[in-house]
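The next block is run13.txt, given as compact mmCIF, C-alpha atoms.
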```txt
# COMPACT_ATOMS: atom_id res chain seq x y z
CA MET B 15 110.22 102.03 102.32
CA THR B 16 106.61 102.25 101.19
CA ILE B 17 104.86 99.03 100.34
CA ASN B 18 101.28 98.14 99.47
CA HIS B 19 99.31 94.91 99.39
CA ALA B 20 100.35 94.14 95.82
CA ASN B 21 104.06 94.53 96.65
CA ALA B 22 103.70 92.34 99.71
CA GLN B 23 101.92 89.69 97.67
CA GLN B 24 104.70 89.71 95.11
CA TRP B 25 107.29 89.27 97.85
CA ALA B 26 105.21 86.48 99.35
CA THR B 27 105.33 84.69 96.02
CA ASP B 28 108.98 85.43 95.30
CA TYR B 29 110.19 84.43 98.78
CA ASP B 30 107.93 81.50 99.56
CA GLU B 31 110.68 79.00 98.87
CA LYS B 32 113.56 81.10 100.19
CA THR B 33 115.36 80.29 103.41
CA PRO B 34 114.44 82.05 106.66
CA GLN B 35 117.81 83.81 106.51
CA GLU B 36 117.05 85.18 103.04
CA ILE B 37 113.68 86.42 104.24
CA LEU B 38 115.27 88.05 107.28
CA ALA B 39 117.83 89.72 105.02
CA LEU B 40 114.97 91.05 102.90
CA VAL B 41 113.51 92.71 105.99
CA LEU B 42 116.75 94.13 107.30
CA ASP B 43 117.81 95.41 103.86
CA ASN B 44 114.52 97.13 103.13
CA PHE B 45 113.18 98.40 106.45
CA GLU B 46 115.13 100.58 108.82
CA ASN B 47 112.20 100.59 111.20
CA ALA B 48 111.58 96.87 111.66
CA ALA B 49 111.74 94.59 114.70
CA ILE B 50 111.64 90.90 115.56
CA SER B 51 108.87 89.81 117.91
CA PHE B 52 110.39 87.45 120.47
CA SER B 53 108.06 85.38 122.65
CA GLY B 54 110.73 83.77 124.79
CA ALA B 55 110.33 80.43 123.06
CA GLU B 56 111.88 78.75 120.03
CA ASP B 57 111.49 81.90 117.94
CA VAL B 58 114.93 82.67 119.42
CA VAL B 59 116.24 81.16 116.18
CA LEU B 60 115.25 84.39 114.41
CA ILE B 61 117.53 86.33 116.74
CA ASP B 62 120.33 83.87 116.12
CA MET B 63 119.87 84.15 112.35
CA ALA B 64 119.70 87.94 112.46
CA ALA B 65 122.85 88.11 114.57
CA LYS B 66 124.69 85.92 112.07
CA LEU B 67 123.59 88.11 109.16
CA GLY B 68 125.68 90.85 110.70
CA LYS B 69 123.13 93.55 110.03
CA PRO B 70 121.63 95.83 112.70
CA PHE B 71 118.35 94.48 114.03
CA ARG B 72 115.84 95.20 116.79
CA VAL B 73 113.90 92.85 119.04
CA PHE B 74 110.80 93.41 121.13
CA SER B 75 108.99 91.18 123.58
CA LEU B 76 105.58 91.37 125.21
CA ASP B 77 105.67 91.00 128.96
CA THR B 78 102.11 90.18 129.91
CA GLY B 79 103.03 90.07 133.60
CA ARG B 80 102.06 86.40 133.73
CA LEU B 81 105.01 84.71 132.03
CA HIS B 82 106.87 81.77 133.58
CA ALA B 83 109.93 82.55 135.69
CA GLU B 84 111.92 80.44 133.22
CA THR B 85 110.80 82.71 130.38
CA TYR B 86 111.95 85.86 132.16
CA GLN B 87 115.29 84.18 132.83
CA PHE B 88 115.52 83.12 129.21
CA ILE B 89 114.79 86.62 127.90
CA GLU B 90 117.64 87.90 130.04
CA LYS B 91 119.88 85.09 128.84
CA VAL B 92 119.17 85.99 125.19
CA ARG B 93 119.82 89.66 125.91
CA ASN B 94 123.25 88.81 127.29
CA HIS B 95 124.13 86.06 124.82
CA TYR B 96 123.44 88.14 121.70
CA LYS B 97 124.19 91.50 123.31
CA VAL B 98 120.91 92.78 121.95
CA ALA B 99 118.65 95.30 123.67
CA ILE B 100 115.26 93.62 123.96
CA GLU B 101 112.51 96.21 123.98
CA ILE B 102 109.99 95.02 126.57
CA CYS B 103 106.37 96.06 126.08
CA PHE B 104 104.05 96.13 129.07
CA PRO B 105 100.25 96.31 129.26
CA GLU B 106 98.60 99.46 130.54
CA SER B 107 98.41 99.05 134.30
CA ALA B 108 95.03 100.78 134.53
CA GLN B 109 93.50 98.28 132.11
CA VAL B 110 94.97 95.30 133.94
CA GLN B 111 93.83 96.71 137.28
CA GLU B 112 90.29 97.29 136.03
CA MET B 113 90.01 93.75 134.68
CA VAL B 114 91.55 92.03 137.69
CA ASN B 115 89.58 94.06 140.24
CA ALA B 116 86.35 93.28 138.42
CA LYS B 117 86.94 89.62 137.61
CA GLY B 118 89.81 88.33 139.69
CA MET B 119 93.21 86.95 138.77
CA PHE B 120 91.97 83.92 136.85
CA SER B 121 88.97 85.15 134.89
CA PHE B 122 90.22 83.36 131.78
CA TYR B 123 89.37 80.00 133.36
CA VAL B 124 85.77 81.16 133.76
CA ASP B 125 85.22 83.18 130.59
CA ASP B 126 87.93 82.47 128.07
CA HIS B 127 91.37 83.85 127.36
CA LYS B 128 90.26 86.54 124.92
CA GLU B 129 89.68 89.42 127.33
CA CYS B 130 92.89 88.84 129.22
CA CYS B 131 94.90 88.45 126.01
CA THR B 132 93.34 91.65 124.68
CA VAL B 133 94.49 93.64 127.70
CA ARG B 134 97.83 91.99 128.35
CA LYS B 135 98.99 91.14 124.84
CA VAL B 136 97.06 92.67 121.95
CA ALA B 137 96.85 96.23 123.31
CA PRO B 138 100.60 96.56 123.97
CA LEU B 139 101.33 94.81 120.68
CA LYS B 140 99.17 97.29 118.80
CA LYS B 141 100.91 100.17 120.55
CA LYS B 142 104.32 98.79 119.64
CA LEU B 143 103.43 98.01 116.03
CA ALA B 144 102.15 101.56 115.55
CA THR B 145 105.79 102.64 115.87
CA LEU B 146 107.12 100.17 113.26
CA ASP B 147 106.99 99.77 109.48
CA ALA B 148 107.61 96.02 109.54
CA TRP B 149 107.72 93.20 112.07
CA VAL B 150 109.01 89.66 112.08
CA THR B 151 107.38 86.72 113.83
CA GLY B 152 108.29 83.09 114.41
CA GLN B 153 104.86 81.89 113.33
CA ARG B 154 104.75 78.64 111.40
CA LYS B 155 102.08 76.85 109.43
CA ASP B 156 102.45 73.70 111.51
CA GLN B 157 101.40 75.50 114.70
CA SER B 158 97.76 75.32 113.68
CA PRO B 159 95.92 72.12 114.61
CA GLY B 160 94.38 71.96 111.14
CA THR B 161 95.86 72.92 107.83
CA ARG B 162 93.77 76.02 107.46
CA LEU B 163 95.82 78.68 109.11
CA ALA B 164 97.55 80.54 106.33
CA VAL B 165 100.94 81.92 107.25
CA PRO B 166 102.52 83.53 104.20
CA VAL B 167 106.20 84.39 104.51
CA VAL B 168 105.33 88.02 103.80
CA GLN B 169 101.99 89.75 104.22
CA ALA B 170 100.60 93.24 104.31
CA ASP B 171 99.33 93.37 107.88
CA ALA B 172 95.71 94.44 107.49
CA ALA B 173 94.95 93.97 111.18
CA PHE B 174 97.53 96.38 112.58
CA SER B 175 98.09 98.85 109.76
CA GLY B 176 96.94 102.36 110.49
CA ALA B 177 95.18 104.78 108.21
CA GLY B 178 97.68 105.87 105.57
CA LYS B 179 100.40 103.54 106.86
CA GLN B 180 101.02 100.01 105.69
CA LEU B 181 102.63 97.65 108.19
CA VAL B 182 104.31 94.59 106.71
CA LYS B 183 104.59 91.31 108.55
CA PHE B 184 107.28 88.72 107.86
CA ASN B 185 107.05 85.08 108.95
CA PRO B 186 110.43 83.64 107.91
CA LEU B 187 109.83 80.30 109.67
CA SER B 188 106.41 79.79 108.10
CA ASN B 189 107.44 76.80 106.02
CA TRP B 190 109.64 75.20 108.65
CA THR B 191 108.37 72.44 110.87
CA SER B 192 108.95 72.30 114.60
CA ALA B 193 111.51 69.55 113.92
CA GLU B 194 113.46 71.83 111.56
CA VAL B 195 113.49 74.61 114.14
CA TRP B 196 114.89 72.25 116.75
CA GLU B 197 117.43 70.86 114.33
CA TYR B 198 118.65 74.44 113.84
CA ILE B 199 118.73 75.08 117.60
CA ARG B 200 120.83 71.97 118.24
CA ALA B 201 123.14 72.42 115.24
CA ASN B 202 123.87 76.03 116.13
CA GLU B 203 123.86 75.62 119.90
CA VAL B 204 121.20 78.26 120.25
CA PRO B 205 120.13 78.90 123.84
CA TYR B 206 116.57 77.81 124.58
CA ASN B 207 113.92 78.20 127.25
CA GLU B 208 114.30 75.59 130.03
CA LEU B 209 110.58 74.91 129.80
CA HIS B 210 111.14 73.06 126.53
CA GLY B 211 113.13 70.50 128.52
CA LYS B 212 110.13 70.08 130.83
CA GLY B 213 107.69 69.09 128.12
CA PHE B 214 106.47 72.51 127.08
CA THR B 215 106.17 72.88 123.33
CA SER B 216 104.19 76.09 123.07
CA ILE B 217 105.14 78.67 125.67
CA GLY B 218 102.84 81.50 126.62
CA CYS B 219 101.60 82.81 129.95
CA GLU B 220 102.12 80.60 133.00
CA PRO B 221 98.45 79.97 133.87
CA CYS B 222 97.56 79.26 130.24
CA THR B 223 100.40 76.98 129.13
CA ARG B 224 101.16 73.43 130.16
CA ALA B 225 103.46 70.60 129.21
CA ILE B 226 102.09 68.13 126.68
CA LEU B 227 102.58 64.44 126.11
CA PRO B 228 104.49 62.97 123.19
CA ASN B 229 102.58 63.28 119.91
CA GLN B 230 100.10 65.77 121.29
CA HIS B 231 99.77 68.84 119.10
CA GLU B 232 101.44 71.89 120.59
CA ARG B 233 98.14 73.76 120.51
CA GLU B 234 96.94 71.33 123.19
CA GLY B 235 99.35 72.95 125.60
CA ARG B 236 97.47 76.24 125.43
CA TRP B 237 94.02 77.08 126.84
CA TRP B 238 93.25 73.37 127.18
CA TRP B 239 89.99 74.13 128.97
CA GLU B 240 88.58 75.77 125.85
CA GLU B 241 87.27 74.14 122.72
CA ALA B 242 89.72 74.18 119.83
CA THR B 243 89.47 77.56 118.21
CA LYS B 244 87.16 77.67 115.24
CA LYS B 245 88.49 79.50 112.27
CA GLU B 246 85.24 80.13 110.56
CA CYS B 247 86.23 83.50 109.17
CA GLY B 248 89.15 82.21 107.15
CA LEU B 249 88.82 81.95 103.39
CA HIS B 250 89.29 78.38 102.23
CA VAL B 251 89.01 77.09 98.71
CA VAL B 252 87.25 73.76 98.52
CA ASN B 253 88.56 71.16 96.14
CA LEU B 254 85.45 70.39 94.11
CA LYS B 255 86.98 67.62 92.05
CA MET E 13 86.95 107.28 97.73
CA HIS E 14 85.72 103.85 96.68
CA ILE E 15 84.83 101.12 99.17
CA ILE E 16 84.46 97.43 98.45
CA MET E 17 83.09 95.01 101.00
CA VAL E 18 83.81 91.31 100.57
CA LYS E 19 81.57 88.82 102.29
CA LYS E 20 81.83 85.08 102.30
CA ILE E 21 79.74 82.05 101.47
CA LEU E 22 80.92 78.92 103.23
CA ALA E 23 81.82 75.67 101.53
CA ASP E 24 78.42 74.22 102.44
CA GLY E 25 76.62 77.12 100.75
CA SER E 26 75.57 78.85 103.93
CA PRO E 27 76.38 82.51 104.56
CA CYS E 28 79.28 83.37 106.85
CA LYS E 29 77.94 84.15 110.33
CA LYS E 30 80.39 86.97 111.03
CA CYS E 31 79.61 88.56 107.65
CA GLY E 32 75.92 88.45 108.51
CA GLU E 33 76.53 90.08 111.87
CA VAL E 34 78.61 92.84 110.32
CA LEU E 35 76.04 93.46 107.59
CA ALA E 36 73.24 93.64 110.14
CA LYS E 37 75.23 96.10 112.22
CA MET E 38 76.00 98.22 109.18
CA GLU E 39 72.37 98.25 108.13
CA ALA E 40 71.25 99.22 111.62
CA ASP E 41 73.80 102.04 111.72
CA ASP E 42 72.96 103.17 108.16
CA GLN E 43 76.50 102.48 106.99
CA LEU E 44 75.73 100.44 103.89
CA LYS E 45 75.30 103.66 101.93
CA TYR E 46 79.08 104.12 102.08
CA ILE E 47 79.78 100.79 100.37
CA ASN E 48 80.17 101.07 96.61
CA ASP E 49 80.48 97.36 95.81
CA VAL E 50 79.79 94.15 97.67
CA LEU E 51 81.69 91.14 96.34
CA ILE E 52 81.07 87.51 97.22
CA ALA E 53 83.92 85.24 98.24
CA ASP E 54 82.38 81.84 97.59
CA GLU E 55 84.52 79.08 99.05
CA ARG E 56 83.05 76.70 96.48
CA ASP E 57 84.30 78.86 93.62
CA ALA E 58 87.92 79.98 93.64
CA GLU E 59 87.13 82.21 90.66
CA SER E 60 84.38 84.16 92.45
CA ALA E 61 85.11 87.89 92.53
CA GLY E 62 85.66 87.99 96.28
CA MET E 63 88.00 85.00 96.30
CA LEU E 64 90.04 86.47 93.46
CA LEU E 65 90.34 89.81 95.24
CA ALA E 66 91.29 88.10 98.51
CA LYS E 67 93.97 86.12 96.71
CA LYS E 68 95.29 89.20 94.94
CA LEU E 69 95.55 91.13 98.19
CA GLY E 70 96.69 88.23 100.35
CA VAL E 71 93.69 88.48 102.65
CA GLU E 72 92.62 85.37 104.55
CA ARG E 73 89.68 86.66 106.54
CA ALA E 74 86.14 87.71 105.76
CA PRO E 75 84.44 90.01 105.79
CA PHE E 76 86.98 92.57 104.69
CA PHE E 77 86.93 96.05 103.20
CA VAL E 78 89.09 97.58 100.48
CA VAL E 79 89.24 101.35 100.54
CA THR E 80 90.70 103.13 97.53
CA GLN E 81 91.38 106.83 97.90
CA ASP E 82 91.12 109.28 94.99
CA ASP E 83 94.90 109.25 94.65
CA GLY E 84 94.86 105.47 94.20
CA THR E 85 96.09 104.63 97.70
CA GLN E 86 94.53 101.36 98.79
CA THR E 87 93.96 100.18 102.35
CA VAL E 88 92.57 96.81 103.38
CA TYR E 89 90.63 96.37 106.62
CA THR E 90 89.96 92.96 108.12
CA VAL E 91 88.70 94.41 111.39
CA TYR E 92 85.25 95.93 110.94
CA LEU E 93 85.49 98.28 113.93
CA LYS E 94 88.84 99.57 112.71
CA PHE E 95 87.28 100.27 109.31
CA VAL E 96 84.39 102.09 110.97
CA LYS E 97 86.76 104.19 113.06
CA ASP E 98 89.34 105.00 110.39
CA VAL E 99 87.14 105.37 107.32
CA LEU E 100 83.67 106.27 108.55
CA ASN E 101 85.06 108.38 111.41
CA LYS E 102 82.82 106.82 114.02
CA VAL E 103 83.71 106.61 117.70
CA VAL E 104 84.67 103.04 118.56
CA SER E 105 85.61 101.50 121.88
CA GLU E 106 89.31 100.58 121.87
CA LYS E 107 88.53 97.45 123.86
CA GLU E 108 85.89 96.26 121.40
CA GLU E 109 88.17 96.96 118.46
CA LEU E 110 91.01 94.97 120.02
CA GLN E 111 88.72 92.10 120.92
CA GLU E 112 87.52 91.89 117.31
CA LEU E 113 91.13 92.05 116.17
CA LEU E 114 92.07 89.13 118.41
CA GLN E 115 89.01 87.17 117.36
CA ASN E 116 89.98 87.64 113.71
CA SER E 117 93.64 86.84 114.24
CA PRO E 118 94.15 83.27 115.47
CA ASP E 119 97.82 83.61 114.53
CA LEU E 120 98.25 85.96 117.51
CA ASP E 121 97.75 82.94 119.76
CA PHE E 122 101.30 81.94 118.94
CA LEU E 123 102.99 85.20 119.88
```
Show me this structure written as structure tokens.
Amino acid sequence: MTINHANAQQWATDYDEKTPQEILALVLDNFENAAISFSGAEDVVLIDMAAKLGKPFRVFSLDTGRLHAETYQFIEKVRNHYKVAIEICFPESAQVQEMVNAKGMFSFYVDDHKECCTVRKVAPLKKKLATLDAWVTGQRKDQSPGTRLAVPVVQADAAFSGAGKQLVKFNPLSNWTSAEVWEYIRANEVPYNELHGKGFTSIGCEPCTRAILPNQHEREGRWWWEEATKKECGLHVVNLK
Amino acid sequence: MHIIMVKKILADGSPCKKCGEVLAKMEADDQLKYINDVLIADERDAESAGMLLAKKLGVERAPFFVVTQDDGTQTVYTVYLKFVKDVLNKVVSEKEELQELLQNSPDLDFL
């Protein structure tokens, strides 16, 4: 279906207090060409929910080439458990080769993670999203260290939309906390990545993710050698009263 | 075609650094002539024209561009280099465009 920013905004308002399952149903009922982005972490709950809705759904995953062995095993486990074909997206080998040959295997510890993420994650993601009309992520508001990161349940994706084509992004878990996600995982016996049992909260690439201590924010398990990301470009309304 | 650019003023009254960089680049490349309106999103004033437009369109980043075609089709760009490539038909490095996209999209950290 065709949707514009105004439609997406209306959905964002109408569905802000709906359950993740209702938001997933909205996607699957309205977009034939939609897919769930699966990172190999607790966003597996989206796959579980979609499977229980009984509607056809697609899943894709970005293989950066630097994931943990446990994550690869988990992706395979999910594929078998839900009998779903997970569409794996790889980076362009020529781009990876150029970067690694010029800067080595661990350039992100010297520069920052941006260049590596651009090559290994953003480029293949852009390529994949160019083939879709809508995508679903497990992003939540509580993943940001501050309260500034806005994660509407539905948004017109201005970053990845192409000329003349509007991509729509759904974040059904936006209003859930990490605790609610884990409550769902336990209650529904959803399979999960073994790394969670080893203290990993946020799971990304192996060199860039680490276990955290109790009460540390999950963001502290990523790119810990860098300063917390500034979000200067966000639009924030100040309470003047 | 009608193009609106929205730039931001921070809560402390200072101009947004990224907006300034984009404006300087556009001026240097003689691209400002393509912009029909420049609106201010003033974080101190939720009713400022830019903040209202951002809210209406669900945009959370600045600067951003709203391109309305003659047939009414509207496209929002939050990545300057993507706007330059798609709308102004300029040649842009894919790597630079993706790096700006990542820089503007902290939510991608969690994918």
Determine, for each residue of chain E having at least one atom at most 9 Å from an atom of chain B, the closest pair of atoms and their separation in Å to one decimal, counting all atoms listed in the file; order by chain and ascending number, as JSON lines.
```
{"residue": "E:Lys20", "atom": "CA", "partner": "B:Leu249", "partner_atom": "CA", "distance": 7.7}
{"residue": "E:Leu22", "atom": "CA", "partner": "B:His250", "partner_atom": "CA", "distance": 8.4}
{"residue": "E:Ala23", "atom": "CA", "partner": "B:Val252", "partner_atom": "CA", "distance": 6.5}
{"residue": "E:Cys28", "atom": "CA", "partner": "B:Cys247", "partner_atom": "CA", "distance": 7.3}
{"residue": "E:Lys29", "atom": "CA", "partner": "B:Glu246", "partner_atom": "CA", "distance": 8.3}
{"residue": "E:Lys30", "atom": "CA", "partner": "B:Cys247", "partner_atom": "CA", "distance": 7.0}
{"residue": "E:Cys31", "atom": "CA", "partner": "B:Cys247", "partner_atom": "CA", "distance": 8.5}
{"residue": "E:Ala53", "atom": "CA", "partner": "B:Leu249", "partner_atom": "CA", "distance": 7.8}
{"residue": "E:Asp54", "atom": "CA", "partner": "B:Val251", "partner_atom": "CA", "distance": 8.2}
{"residue": "E:Glu55", "atom": "CA", "partner": "B:Val251", "partner_atom": "CA", "distance": 4.9}
{"residue": "E:Arg56", "atom": "CA", "partner": "B:Val252", "partner_atom": "CA", "distance": 5.5}
{"residue": "E:Asp57", "atom": "CA", "partner": "B:Val251", "partner_atom": "CA", "distance": 7.2}
{"residue": "E:Ala58", "atom": "CA", "partner": "B:Val251", "partner_atom": "CA", "distance": 5.9}
{"residue": "E:Met63", "atom": "CA", "partner": "B:Leu249", "partner_atom": "CA", "distance": 7.8}
{"residue": "E:Ala66", "atom": "CA", "partner": "B:Leu249", "partner_atom": "CA", "distance": 8.2}
{"residue": "E:Lys67", "atom": "CA", "partner": "B:Gln23", "partner_atom": "CA", "distance": 8.8}
{"residue": "E:Lys68", "atom": "CA", "partner": "B:Ala20", "partner_atom": "CA", "distance": 7.1}
{"residue": "E:Leu69", "atom": "CA", "partner": "B:His19", "partner_atom": "CA", "distance": 5.5}
{"residue": "E:Gly70", "atom": "CA", "partner": "B:Gln23", "partner_atom": "CA", "distance": 6.1}
{"residue": "E:Val71", "atom": "CA", "partner": "B:Ala172", "partner_atom": "CA", "distance": 7.9}
{"residue": "E:Glu72", "atom": "CA", "partner": "B:Leu249", "partner_atom": "CA", "distance": 5.2}
{"residue": "E:Arg73", "atom": "CA", "partner": "B:Gly248", "partner_atom": "CA", "distance": 4.5}
{"residue": "E:Ala74", "atom": "CA", "partner": "B:Cys247", "partner_atom": "CA", "distance": 5.4}
{"residue": "E:Pro75", "atom": "CA", "partner": "B:Cys247", "partner_atom": "CA", "distance": 7.6}
{"residue": "E:Thr85", "atom": "CA", "partner": "B:Gly178", "partner_atom": "CA", "distance": 8.1}
{"residue": "E:Gln86", "atom": "CA", "partner": "B:Asn18", "partner_atom": "CA", "distance": 7.5}
{"residue": "E:Thr87", "atom": "CA", "partner": "B:Gly178", "partner_atom": "CA", "distance": 7.5}
{"residue": "E:Val88", "atom": "CA", "partner": "B:Ala172", "partner_atom": "CA", "distance": 5.7}
{"residue": "E:Tyr89", "atom": "CA", "partner": "B:Ala172", "partner_atom": "CA", "distance": 5.5}
{"residue": "E:Thr90", "atom": "CA", "partner": "B:Ala173", "partner_atom": "CA", "distance": 5.9}
{"residue": "E:Val91", "atom": "CA", "partner": "B:Ala173", "partner_atom": "CA", "distance": 6.3}
{"residue": "E:Lys94", "atom": "CA", "partner": "B:Ala173", "partner_atom": "CA", "distance": 8.4}
{"residue": "E:Asp98", "atom": "CA", "partner": "B:Ala177", "partner_atom": "CA", "distance": 6.2}
{"residue": "E:Val99", "atom": "CA", "partner": "B:Ala177", "partner_atom": "CA", "distance": 8.1}
{"residue": "E:Glu106", "atom": "CA", "partner": "B:Ala137", "partner_atom": "CA", "distance": 8.8}
{"residue": "E:Lys107", "atom": "CA", "partner": "B:Thr132", "partner_atom": "CA", "distance": 7.6}
{"residue": "E:Leu110", "atom": "CA", "partner": "B:Thr132", "partner_atom": "CA", "distance": 6.2}
{"residue": "E:Gln111", "atom": "CA", "partner": "B:Thr132", "partner_atom": "CA", "distance": 6.0}
{"residue": "E:Leu113", "atom": "CA", "partner": "B:Ala173", "partner_atom": "CA", "distance": 6.6}
{"residue": "E:Leu114", "atom": "CA", "partner": "B:Thr132", "partner_atom": "CA", "distance": 6.9}
{"residue": "E:Gln115", "atom": "CA", "partner": "B:Lys128", "partner_atom": "CA", "distance": 7.7}
{"residue": "E:Asn116", "atom": "CA", "partner": "B:Cys247", "partner_atom": "CA", "distance": 7.2}
{"residue": "E:Ser117", "atom": "CA", "partner": "B:Ala173", "partner_atom": "CA", "distance": 7.9}
{"residue": "E:Pro118", "atom": "CA", "partner": "B:Lys245", "partner_atom": "CA", "distance": 7.5}
{"residue": "E:Asp119", "atom": "CA", "partner": "B:Gln153", "partner_atom": "CA", "distance": 7.3}
{"residue": "E:Leu120", "atom": "CA", "partner": "B:Val136", "partner_atom": "CA", "distance": 8.1}
{"residue": "E:Asp121", "atom": "CA", "partner": "B:Gly218", "partner_atom": "CA", "distance": 8.7}
{"residue": "E:Phe122", "atom": "CA", "partner": "B:Gln153", "partner_atom": "CA", "distance": 6.6}
{"residue": "E:Leu123", "atom": "CA", "partner": "B:Ser53", "partner_atom": "CA", "distance": 5.8}
```
Exercise for the section: Tell me, in Å to one decimal, how far CA of Val78 in chain E is from CA of Met17 in chain E. Expected result: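 We find that CA of Val78 in chain E and CA of Met17 in chain E lie 6.5 Å from each other.
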Problem - Separation of CA of Val124 in chain B from CA of Gly79 in chain B, in Å and rounded to one decimal - result: 19.4 Å
Completion exercise
Taken to one decimal, the CA of Pro34 in chain B-CA of Trp190 in chain B distance is 8.6 Å
Problem - Long-range neighbours of Gly68 in chain B as a list in words, 12 Å cut-off, all atoms listed in the file, 4 positions minimum in chain - result: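 Close residues of Gly68 in chain B: Gln35, Leu38, Ala39, Leu42, Asp43, Ile61, Asp62, Met63, Ala64 and Tyr96 of chain B.
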Handout entry: Pick from E:Val18, E:Val103, E:Leu35, E:Leu65, whichever lies nearest to Leu51 in chain E using all atoms listed in the file
Key =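 Result for the nearest residue to Leu51 in chain E: E:Val18.
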Problem - Nearest to Glu240 in chain B by atom-to-atom distance, counting all atoms listed in the file, from B:Val73, B:Cys222, B:Leu181, B:Leu67 - result: B:Cys222
Problem - Residue contacts of Ile226 in chain B (12 Å, only C-alpha atoms) excluding same-chain residues fewer than 3 positions away, as an MDAnalysis selection string - result: chainID B and resid 209:217 223 229:236 238
Each side padded by 4 Å, which centre and which edge lengths in Å (one decimal) define the axis-aligned box around the listed atoms of range 29-33 of chain E? Give them as AutoDock Vina command-line options.
```
--center_x 78.2 --center_y 87.1 --center_z 109.8 --size_x 12.5 --size_y 13.9 --size_z 12.2
```
